[in-house]
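Report on one structure; see the data block that follows.
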Amino acid sequence: MSQAYEALELDRQLCFPLYAASRAVIRLYHPYLSVLDLTYTQYIAMMALWESAPLSVKALGERLYLDSGTLTPLLKAMEKKGLIHRSRSEQDERSVLVSLTEQGLALREKALAVPEQVGACIPLPPERARELYGLLYELLDVVEE
């Protein structure tokens with residue numbers, strides 16, 4: 001290939017291994033999350049809520065790096081499953097709060113094994129995994145500014 005087109009080579013793109021690795025890791029979650037009747041995106045939303053519910057829809061979107069066009073249908077599906085409840089904030093009617101239902105809170109116990117199960121499928125030494133984690137968040141920080 002001509003040097004003029006080297007910048008367009010797939011193996012020179014940072015985005016490609018990030019994309020492919022993300023898809024591969026998310027695929028590893030599927031068998032464990034299907035038992036919980038959750039998609040990966042629903043799972044990360046539940047983790048954020050287990051950590052600090054109630055959250056405003058805006059705060060949840062920021063935490064998950066999701067826009068409202070993605071988040072709204074996700075939350076509707078989770079509400080239909082009985083995992084969450086959405087309500088207007090008493091302090092600010094424009095703000096919608098997302099809280100966990102008893103069923104959503106109970107799901108936390110069933111999900112406890114998921115990180116270890118998926119981690120067992122990724123043969124990275126712990127120090128390399130921590131290094132990768134740090135680099136990915138560093139990247140997120142600079143591209144999300």
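Naming works like this for the structure tokens: A, B, ... for the chains as they're shown, residue 1 at the start of each chain, ligands 1 onward in shown order.
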Excluding Leu83 in chain A and any residue of its chain fewer than 2 positions from it, enumerate the residues within 7 Å of it, using only C-alpha atoms, and give them as a list of chain:residue names.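 Listed by chain and then number, they are A:Met78, A:Glu79, A:Lys81, A:Leu100, A:Thr101, A:Gln103, A:Gly104.
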Polymer residues at most 8 Å from range 54-57 of chain A, only C-alpha atoms, same-chain spacing of 5 or more positions, as a ChimeraX atom specification: /A:49,71,95-100
Can you work out the spacing between CA of Leu18 in chain A and CA of Ser34 in chain A in Å, to one decimal?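 Going from CA of Leu18 in chain A over to CA of Ser34 in chain A covers 24.1 Å.
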As a ChimeraX atom specification, please: every residue in range 35-107 of chain A that a backbone DSSP assignment puts in helix (DSSP H, G or I). /A:35-36,40-52,57-64,68-80,102-107
Mind checking which residues fall within 10 Å of Pro115 in chain A, counting only C-alpha atoms, ignoring those fewer than 5 positions away in the same chain, and posting them as a PyMOL selection string? chain A and resi 29+32+120
Report, in Å with one decimal, the straight-line distance from CA of Glu109 in chain A to CA of His30 in chain A. 17.9 Å
Between CA of Val114 in chain A and CA of Asp37 in chain A - distance in Å to one decimal: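 Interatomic distance here is 12.9 Å.
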Looking at only C-alpha atoms, which of A:Ala24, A:Leu36, A:Glu9, A:Leu105 is the one that sits closest to Ala53 in chain A?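 The closest residue to Ala53 in chain A is A:Leu105.
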Which of range 46-135 of chain A counts as strand (DSSP E) under DSSP, as a PyMOL selection string please? chain A and resi 55-56+84-88+96-100
How would the residues just picked look written out with C-alpha atoms as a PDB file, in the first residue's frame?
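Once written, again-v2.pdb looks like this:
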```pdb
ATOM      1  CA  LEU A  55     -30.061   8.810  40.613  1.00  0.00           C
ATOM      2  CA  SER A  56     -31.436  11.373  38.229  1.00  0.00           C
ATOM      3  CA  ILE A  84     -36.644   0.250  38.583  1.00  0.00           C
ATOM      4  CA  HIS A  85     -39.124   3.011  39.150  1.00  0.00           C
ATOM      5  CA  ARG A  86     -38.967   6.482  37.581  1.00  0.00           C
ATOM      6  CA  SER A  87     -40.536   9.490  39.245  1.00  0.00           C
ATOM      7  CA  ARG A  88     -40.328  13.265  39.104  1.00  0.00           C
ATOM      8  CA  VAL A  96     -36.622  12.391  36.736  1.00  0.00           C
ATOM      9  CA  LEU A  97     -35.262  10.130  39.462  1.00  0.00           C
ATOM     10  CA  VAL A  98     -34.507   6.459  38.938  1.00  0.00           C
ATOM     11  CA  SER A  99     -34.802   4.234  41.983  1.00  0.00           C
ATOM     12  CA  LEU A 100     -34.621   0.495  42.506  1.00  0.00           C
TER      13      LEU A 100
END
```
